[in-house]
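Undergrad: Have a look at this one before I ask anything.
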Amino acid sequence: MGVQLDSVHTVYLFGVAAIVLSMVLRANVVVPAIIATFAVAATYTGSLIGATISVFNGSLVAAKELFSIFLVIALMTSLLNALRTLGADQQMVRPFRRVMTNGHVAFLVVAAVTYVISLFFWPTPAVPLVAATLLPAAIVAGLPPLGAAIAIAVAGQGMALSSDYVIRVAPGISARAAGIPEAAAAVADKALVLSLVTGVVALALGYLAIRAQIRRPSQMHLDRWQSGASLASSLAEQREQVAPNIGSFDKSVLALQAAEGAEDLPGEAALAGGGTLAAAQAAPATRWRTILALATPAVFGALILFMLAPKLIEGLPELKGGDAAALVGGTAALMMLVATFAADGAKAMHTAADHIIDGLVFSFRAMGTVLPIAGFFFLGAREFAGAILGLPAAATAPDLLFEVIRSVEHLIPHSPTVVAFAVLLVGMITGIDGSGFAGLPLTGALSGALGPVAGIHPTTLAAVGQMGAVWTGGGTLIAWSSLIAVAGFCRVPVLDAVRVLFLPVCAGLVLSTLVAVVLW
C-alpha cells in the first residue's frame, strides 16, 4: 500500500516543481530553493522562527557535506594558476602541435588534449589554455573552426565534466543526494564508462558532420580566420545574442571571464625564456617550466592508475569514501608549492597563499549556488532532514521524497529501462538552465528513491542522471552555457555549434543509458 501524504509532502512537491520550472525558464534556482526550504520547514514545524533557522541549516548541512569538493576544486585551480605563472601549462600541450599534420588528425588531437587537461583542471580554466595553444595550429592543418568547437565541447564540457573522474565533484554530489555518500566511487566509475560511451558516439557523429569541411593544410586558413572577428568581439556578440542578462555567478559568465583572459596568456617569447627577463633569471625558470610540464601529467596519470589498480588487480587495497578526491587535492597542493617556489623563490611564502585564495574564490563562484539547492533536496532525505529542521537527536525525521515515491509506487513501471530513461530526461531538463551541476541534487535524490522501486541500483541511476544534467547544461546542448566561451574562442556562432552537436550528443546519451541498464 502507498504511504499517506500530508500537507508537508504537498509543499515539498510544489518546491521541486518550482525549482524544475525555474531551470526550464533559465532562471537562477537559488531563490525558489530558499523559499521552498522555508515553506517546507514552516509547514512541518509550524514555526516561522524555526523555518528561518532551517533556511540557514539547509545550506550549512550542504556545506558540511560538500566542502571537501569545494576544497579539491580550489587546490586544483591554485595548481593551474601556479603552473600558468611559469608558463608550464602551455608547455604541457605545445608538443601536440607537431603531430597535427592534417585536419583529421587535428580533430582527434584537440579532442584528446582537451579531455585530459579538463579531467584534471575542469573545462572552464582548461579550455582557454587548449584553445589558445592548439587552435591556431589545428586551423592551419585544415580543421574548420566549427570542427574545433565540436571537439573541444564534446571532449571537455561533455566527456571530462560529466564523469569528473579526477576531481569528483559531480559523483560526490550525486551520491550524497542519493543518500549513499560512501558509494561516490561507484558513481564515479559508472559515470566514467557512460561518459566515454556518450563521448565516442558524439565525437564520431560530430566528425562525420564536419568531415566534408576539412581542407588541405595551409597558412591561408589561419589568416582568413584571424582576419574575422576578434576574440573579444566574438565573445561579446555571443553573450549579447544568447545571454544578455545572466547573473555574475552564472557558469557561462565564469567561462566567458576565463576566455576573455586568454589574450593575456604568456607569449611564445616569454615561454622560451626571452623578453625582459635577465638570462640569469630565465634559465632556472625555463628548467623548472620543463620539469613541471613533464611532472604534472605524469604524477596525475600515476594517481589515476593507482585509483584504477584495485579494480584491475585483486587483493590491492581500494581507496574508501572521499579518499580518492583527498589524494588528488593533497597532491595538487604539494605540486602547487613546488611550482610557486620555482616561479617566485622567496616570495612564494606569500604568493602560495594568494593562489589558494584565488582557487577558493573560483570554487565558490563555480559551485556556491549549489549549496541552497542541495540543502532543499537534502531536506527530503531522512539522514539530513533532522539536522536541517533542528529536531532532537532522538526524533524521527521525515523522509519526504522517499515517502512520496512510495505513495505512488504502484504507478511506477518496474522496468529499469523506463526508469533509467526517465531519470536521464529529468537530468536533461534540469540542465536547461545552463549550469550542469545545479540539477545533480535532484537526479541524485530521485535515484536513491526510485532505484529500489525499479530494481536498479541507485548508483547506476545517479550516473545516468549525471550524464543528462552535465552533458546538457555543462556546455554541449545549451547555447547559454559555457559553450558560449568555446564558440567565442573558435569564432563560430554558438547556435551553429548547438545545431551540429544536438543529434550526436543525444544519440550518445541514449546509447549510454542502454549500456547502463544492460551492464548494471
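By order of appearance in the C-alpha cells: chains A, B, ..., then residues from 1 within every chain, and ligands from 1 in the order shown.
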Hey, which bits of segment 49-132 of chain A sit within 7 Å of segment 29-39 of chain A, and for each residue what's the closest pair of atoms and how far apart in Å (one decimal), counting only C-alpha atoms, rows by chain and increasing number, as a Markdown table?
TA:
| residue | atom | partner | partner_atom | distance |
| --- | --- | --- | --- | --- |
| A:Ala51 | CA | A:Phe38 | CA | 5.2 |
| A:Thr52 | CA | A:Phe38 | CA | 6.3 |
| A:Ser54 | CA | A:Phe38 | CA | 6.8 |
| A:Val55 | CA | A:Phe38 | CA | 5.8 |
Undergrad: Restricting it to N, CA and C atoms, dump the selection as a CSV table (one decimal), in the first residue's frame.
TA:
chain,number,residue,atom,x,y,z
A,51,ALA,N,11.5,27.9,10.8
A,51,ALA,CA,11.6,27.8,9.4
A,51,ALA,C,12.8,28.7,8.9
A,52,THR,N,12.9,29.9,9.6
A,52,THR,CA,14.0,30.8,9.2
A,52,THR,C,15.4,30.1,9.6
A,54,SER,N,15.9,27.0,9.6
A,54,SER,CA,16.1,25.8,8.7
A,54,SER,C,16.7,26.3,7.4
A,55,VAL,N,16.4,27.5,6.9
A,55,VAL,CA,17.0,28.0,5.7
A,55,VAL,C,18.5,28.1,5.8
Undergrad: Applying 9 Å and only C-alpha atoms, which residues near Ser118 of chain A remain after dropping the ones on its own chain fewer than 6 positions away? List them as a ChimeraX atom specification.
TA: /A:124-127,155-157,160-161,164
Undergrad: Could you dump the residues just selected with all heavy atoms as a short mmCIF file (atom, residue, chain, number, x, y, z; two decimals), in the first residue's frame?
TA:
data_model
loop_
_atom_site.label_atom_id
_atom_site.label_comp_id
_atom_site.auth_asym_id
_atom_site.auth_seq_id
_atom_site.Cartn_x
_atom_site.Cartn_y
_atom_site.Cartn_z
N THR A 124 36.42 24.84 -17.60
CA THR A 124 36.34 26.30 -17.56
C THR A 124 37.72 26.96 -17.60
O THR A 124 37.97 27.84 -18.43
CB THR A 124 35.54 26.77 -16.33
OG1 THR A 124 34.23 26.23 -16.40
CG2 THR A 124 35.46 28.28 -16.27
N PRO A 125 38.68 26.55 -16.75
CA PRO A 125 40.02 27.14 -16.89
C PRO A 125 40.88 26.43 -17.93
O PRO A 125 41.87 27.01 -18.40
CB PRO A 125 40.62 26.94 -15.49
CG PRO A 125 39.92 25.76 -14.94
CD PRO A 125 38.53 25.77 -15.51
N ALA A 126 40.54 25.19 -18.30
CA ALA A 126 41.40 24.43 -19.21
C ALA A 126 41.16 24.77 -20.67
O ALA A 126 42.11 24.78 -21.47
CB ALA A 126 41.20 22.94 -18.99
N VAL A 127 39.92 25.03 -21.04
CA VAL A 127 39.61 25.29 -22.45
C VAL A 127 40.35 26.51 -23.00
O VAL A 127 40.87 26.46 -24.12
CB VAL A 127 38.09 25.42 -22.65
CG1 VAL A 127 37.77 26.03 -24.01
CG2 VAL A 127 37.42 24.05 -22.53
N ALA A 155 34.70 16.85 -25.85
CA ALA A 155 35.73 16.26 -25.00
C ALA A 155 35.82 16.92 -23.63
O ALA A 155 36.00 16.23 -22.62
CB ALA A 155 37.08 16.34 -25.71
N GLY A 156 35.69 18.25 -23.59
CA GLY A 156 35.86 18.96 -22.32
C GLY A 156 34.57 19.12 -21.55
O GLY A 156 34.39 18.54 -20.47
N GLN A 157 33.62 19.88 -22.13
CA GLN A 157 32.36 20.13 -21.42
C GLN A 157 31.51 18.87 -21.29
O GLN A 157 30.66 18.79 -20.41
CB GLN A 157 31.55 21.20 -22.17
CG GLN A 157 32.33 22.25 -22.92
CD GLN A 157 33.01 23.24 -22.02
OE1 GLN A 157 34.16 23.01 -21.63
NE2 GLN A 157 32.33 24.28 -21.66
N ALA A 160 34.77 14.91 -20.18
CA ALA A 160 35.54 15.12 -18.96
C ALA A 160 34.66 15.59 -17.81
O ALA A 160 34.76 15.08 -16.68
CB ALA A 160 36.66 16.12 -19.22
N LEU A 161 33.79 16.56 -18.07
CA LEU A 161 33.00 17.15 -16.99
C LEU A 161 31.90 16.21 -16.50
O LEU A 161 31.58 16.19 -15.32
CB LEU A 161 32.39 18.47 -17.46
CG LEU A 161 31.77 19.36 -16.38
CD1 LEU A 161 32.82 19.76 -15.35
CD2 LEU A 161 31.14 20.60 -16.99
N ASP A 164 33.81 13.62 -14.43
CA ASP A 164 34.52 14.32 -13.35
C ASP A 164 35.30 13.32 -12.50
O ASP A 164 35.26 13.36 -11.27
CB ASP A 164 33.50 15.08 -12.50
CG ASP A 164 34.15 16.23 -11.72
OD1 ASP A 164 35.33 16.53 -11.99
OD2 ASP A 164 33.48 16.78 -10.83
#
Undergrad: Of the residues A:Phe300, A:Phe489, A:Phe56, A:Trp520, which is the one nearest to Thr133 of chain A, using only C-alpha atoms?
TA: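 Selected residue with least distance to Thr133 of chain A: A:Phe489.
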Undergrad: Could you give me the residues within segment 342-404 of chain A that DSSP places in helix (DSSP H, G or I), as JSON, numbers by chain?
TA: {"A": [342, 343, 344, 345, 346, 347, 348, 349, 350, 351, 352, 353, 354, 355, 356, 357, 358, 359, 360, 361, 362, 363, 364, 365, 366, 367, 370, 371, 372, 373, 374, 375, 376, 377, 378, 382, 383, 384, 385, 386, 387, 388, 389, 400, 401, 402, 403, 404]}
Undergrad: Using only C-alpha atoms, which residues sit within 6 Å of segment 321-334 of chain A once same-chain residues fewer than 3 positions away are excluded, as an MDAnalysis selection string?
TA: chainID A and resid 72 75:76 79 167 182 337
Undergrad: Have a look at A:Ala42, A:Leu483, A:Ala463, A:Val510 and name the one nearest to Ile388 of chain A; count only C-alpha atoms.
TA: A:Ala42
Undergrad: Grab the atom CA of Gln226 of chain A to atom CA of Arg97 of chain A distance for me, in Å with one decimal place.
TA: 18.1 Å
Undergrad: Could you give me, as number ranges by chain, the residues within 12 Å of Ser363 of chain A, counting only C-alpha atoms and dropping anything in the same chain fewer than 5 positions from it?
TA: A: 66-78, 121-122, 124-125, 167, 169, 249, 251, 254, 356-358, 368-370
Undergrad: So that I can check the surroundings of Val419 of chain A, please list as a list in words every protein, DNA and RNA residue that reaches within 8 Å of it, counting only C-alpha atoms and ignoring chain neighbours fewer than 6 positions away.
TA: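 Contacts, in chain order: Pro413, Leu450 and Ala454 of chain A.
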Undergrad: So, with only C-alpha atoms as the atoms that count, which of A:Trp471, A:Phe502, A:Phe362, A:Phe120 lies closest to Leu194 of chain A?
TA: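 So, comparing all the options, the nearest one is A:Trp471.
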